[in-house]
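Q: I am attaching a structure below and will ask some questions about it afterwards.
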Amino acid sequence: MQDAGRVLVGLVAMACLFTALAKPAVEPPKPTGARAPQSVAPEHATRTWPVRRLADSGQKSDTTPVFGEDSDYMRNPQSYKDNADGTVTDNVTGLMWTQADAGEKTWEAYVTYCDQLSLAGHSDWRLPDAEEAFTIIDISASPLNEVFTADRSAKYFWTMNRQADGDDKRWEVNAGGGTGAHLKNSTLSAGGKFEFHGRCVRESVAVKRVREHFTDNKDGTVTDNGNGLVWMQMEPGEMTWENAIKYCESLVLAGKDDWRLPDIKELKSISDYTLYSPAVDTSYFPGMKSTYHWSSSATRQQRPRWYLNFISGITAYTENITDPLDVKCVRAGTTG
């Protein structure tokens with residue numbers, strides 16, 4: 001009987017272990033929208049924005065019969081040219097990239113590496129800023145187009161910019177296709193636990209830059225002066241993912257009826273890494289809360305949907321598409 005009791009206890013313990021392992025990952029706590037003082041990085045005052053087209057996210061497959069998800073719209077399909085000299089040109093943005101990354105390095109080492117790089121007859125390479133690094137993300141790939149030579153051990157790829165709420169955090173794009181900020185000492189070379197790689201970039205053609213990110217159209221809409229997209233200024237409140245799609249598809253605002261739910265790259269384009277809580281210019285988007293906002297994009301696993309957390313501007317995804325999140329609709333403008 002004593003041996004049988006030990007067996008029973010062991011079986012119960014194993015059952016508890018398997019149950020624990022089978023539990024889905026816990027969703028991060030949802031922001032309440034409570035207004036905290038907005039953090040503004042010093043570089044915000046001198047920022048300028050490039051005028052260039054915004055490439056599509058890369059989603060190609062439908063995940064719902066409801067019209068209006070990412071794959072139902074083709075605006076600027078991703079397109080690249082292999083220059084056969086160790087570089088790749090993005091035909092949408094005009095940016096030129098190093099085809100291969102340079103392996104695992106600290107953030108400081110990557111800044112130096114790109115600044116000192118001479119490749120394909122060019123010496124004006126640099127570490128990309130956070131927006132540039134996100135332009136080549138393909139959410140249907142892993143996470144870059146196959147034209148790029150990628151070390152699949154890399155978990156994250158460094159960018160130039162720090163997060164507005166702390167000097168030790170740097171923005172990155174990650175192997176899952178998202179973007180966020182990590183402490184500089186998170187990489188192996190700095191004593192951390194993750195592999196941070198990087199890729200250098202340069203302007204292959206001269207690009208116009210503007211000092212004002214947005215223009216208030218005085219009709220409930222805001223135009224992005226960089227990519228030409230037009231945004232609804234205020235927001236309708238929280239709703240499920242499919243209801244968010246339906247709402248934007250049916251919206252008539254400022255005399256236009258071609259509104260839609262933005263893909264994850266479009267939604268990311270209005271966030272600003274020099275601002276925190278919320279990571280958006282509230283002089284153009286008054287009342288914008290530090291909350292999660294739906295995008296129209298799905299991950300390559302199809303079930304999870306991408307959203308943007310406007311506390312810091314990170315992108316992430318969730319399978320709970322019936323949860324109510326905030327919504328901001330968009331329509332194409334002159335450049336987008």
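In the structure tokens, each chain is lettered A, B, ... as it comes, each chain's residues begin at 1, and ligands are numbered from 1 in order of appearance.
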In segment 2-231 of chain A, what's alpha helix (DSSP H) per DSSP? Answer as a VMD selection string?

A: chain A and resid 2 to 22 107 to 116 130 to 135

Q: What are the closest atom pairs, with distances in Å to one decimal, for all residues of segment 172-250 of chain A lying within 6 Å of segment 124-139 of chain A? Consider only C-alpha atoms, order rows by chain and residue number, and present the result as a Markdown table.

A:
```
| residue | atom | partner | partner_atom | distance |
| --- | --- | --- | --- | --- |
| A:Gly177 | CA | A:Ile139 | CA | 5.5 |
| A:Cys200 | CA | A:Leu127 | CA | 4.9 |
| A:Val201 | CA | A:Trp125 | CA | 5.5 |
| A:Arg202 | CA | A:Trp125 | CA | 5.0 |
```

Q: Those selected residues, please, written with C-alpha atoms and delivered as a CSV table (one decimal), in the first residue's frame.

A:
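Written output follows (out-v8.csv):
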```csv
chain,number,residue,atom,x,y,z
A,177,GLY,CA,8.8,39.9,-37.2
A,200,CYS,CA,24.0,48.3,-42.2
A,201,VAL,CA,22.1,50.7,-44.5
A,202,ARG,CA,22.7,53.7,-46.8
```

Q: Looking at only C-alpha atoms, which of A:Asp165, A:Glu195, A:Glu319, A:Asp101 is the one that sits closest to Gln38 of chain A?

A: A:Asp165

Q: Between atom CA of Asp82 of chain A and atom CA of Gly121 of chain A, what is the spacing in Å?

A: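 Taking atom CA of Gly121 of chain A and atom CA of Asp82 of chain A, their separation equals 15.5 Å.
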
Q: Choose the residue, out of A:Thr149, A:Ser271, A:Glu212, A:Asp281, that has the smallest atom-to-atom separation from Leu308 of chain A; count only C-alpha atoms.

A: A:Ser271
